[in-house]
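J.: Take a look at this one; I'll ask things after.
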Amino acid sequence: SYYHDNPQPDGTNILVYDLGGGTCDLAIVTADKREAAEFKVLDSDMIKIGGRNWDELLIDYAINKINAQARRDLDIRNNEEYLDEVRKRAQAAKITLSKREDATMRINIGYERYDVKITRDQFEALTVELLENTIDKLEEIYRRNPDIMGSVKEIICVGGSSNMKQVKNGIEARFPNCTVKIYKPEYAVC
């Protein structure tokens, strides 16, 4: 899809970073008009880290804050109704953090409402290790292919979770000589 929308001369190499819900799929692809897809994959890898992992850390954060406000353990993880409520509010907070610097999760547990606030900076600090693991894997693929090192000028981020602001910022920090593009941003999750 990217090559179709943005035709490239044959031999143009890009890195693809696809952070979806359950995995992060990574590839080095090269433009090749002889191929039906107009590109071929030179190398690829996958790491079992995805948006759900970000969700789980945010859910844990919310549960800890709720228990602190309640001054007792509400055993939320063992109550499917409560856990579902926290999960829904955490996912909504991720979307809010795409547009704003902070979010408030208003969570109803039993007959009580708990307001759990989080800033984008807190969210990114909470999840930085997940991000670093995915970018480490991207660097690993790149280094496995020394013949193309230096020829990659673009990194294309696809997949809903790839649209978190921390992803682009983290990749740009590690690959300062590449342009990082979010492709199809209408699929943004956070």
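Here's how to read the names in the structure tokens: chain A, B, ... by the order shown, residue numbers from 1 in each chain, ligand numbers from 1 in the order shown.
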If you run DSSP over the backbone, which residues in region 6-171 of chain A end up alpha helix (DSSP H)? Put them as number ranges by chain.

T.: A: 51-70, 80-99, 120-143, 165-171

J.: Do you have, as CSV, the list of residues of region 74-149 of chain A lying at most 12 Å from region 35-44 of chain A, each with its nearest atom pair and that distance in Å to one decimal, counting only C-alpha atoms and ordered by chain then number?

T.:
residue,atom,partner,partner_atom,distance
A:Lys137,CA,A:Ser44,CA,10.0
A:Leu138,CA,A:Ser44,CA,9.2
A:Glu139,CA,A:Ser44,CA,11.5
A:Glu140,CA,A:Ser44,CA,10.2
A:Ile141,CA,A:Ser44,CA,6.9
A:Tyr142,CA,A:Asp43,CA,8.7
A:Arg143,CA,A:Asp43,CA,10.9
A:Arg144,CA,A:Asp43,CA,8.6
A:Asn145,CA,A:Asp43,CA,8.0
A:Pro146,CA,A:Asp43,CA,11.8
A:Asp147,CA,A:Leu42,CA,11.1
A:Ile148,CA,A:Leu42,CA,9.8

J.: Output C-alpha atoms for every residue in the selection just made, as an mmCIF file, in the first residue's frame.

T.:
data_model
loop_
_atom_site.group_PDB
_atom_site.id
_atom_site.type_symbol
_atom_site.label_atom_id
_atom_site.label_comp_id
_atom_site.auth_asym_id
_atom_site.auth_seq_id
_atom_site.Cartn_x
_atom_site.Cartn_y
_atom_site.Cartn_z
ATOM 1 C CA LYS A 137 14.560 -5.563 17.490
ATOM 2 C CA LEU A 138 14.334 -2.997 14.662
ATOM 3 C CA GLU A 139 18.022 -2.151 15.134
ATOM 4 C CA GLU A 140 18.865 -5.871 15.180
ATOM 5 C CA ILE A 141 17.267 -6.374 11.755
ATOM 6 C CA TYR A 142 19.068 -3.333 10.409
ATOM 7 C CA ARG A 143 22.445 -4.503 11.702
ATOM 8 C CA ARG A 144 21.924 -7.996 10.272
ATOM 9 C CA ASN A 145 22.011 -6.362 6.842
ATOM 10 C CA PRO A 146 25.257 -4.365 6.703
ATOM 11 C CA ASP A 147 25.110 -4.179 2.895
ATOM 12 C CA ILE A 148 22.115 -1.829 3.099
#

J.: Would you please work out which residue, of A:Ala31, A:Leu126, A:Val180, A:Leu131, is nearest to Gln166 (chain A) when using only C-alpha atoms?

T.: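 Going through A:Ala31, A:Leu126, A:Val180, A:Leu131 one by one, the smallest distance to Gln166 (chain A) is for A:Leu131.
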
J.: Point out the residue among A:Met164, A:Val128, A:Ala27, A:Leu74 with the least atom-to-atom distance to Lys99 (chain A), counting only C-alpha atoms.

T.: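 The answer is A:Met164, which sits nearest to Lys99 (chain A).
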
J.: Got a sec to tell me which of region 57-140 of chain A DSSP assigns to strand (DSSP E or B), as a ChimeraX atom specification?

T.: /A:102-109,112-119

J.: Taking only C-alpha atoms into account, name the residue in A:Asn67, A:Thr104, A:Asn13, A:Thr30 that is nearest to Ser151 (chain A).

T.: A:Asn13

J.: For Asp73 (chain A), which residue out of A:Ile109, A:Val158, A:Met46, A:Tyr183 is the nearest one, using only C-alpha atoms?

T.: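 Checking each candidate against Asp73 (chain A), we get A:Ile109 as the closest.
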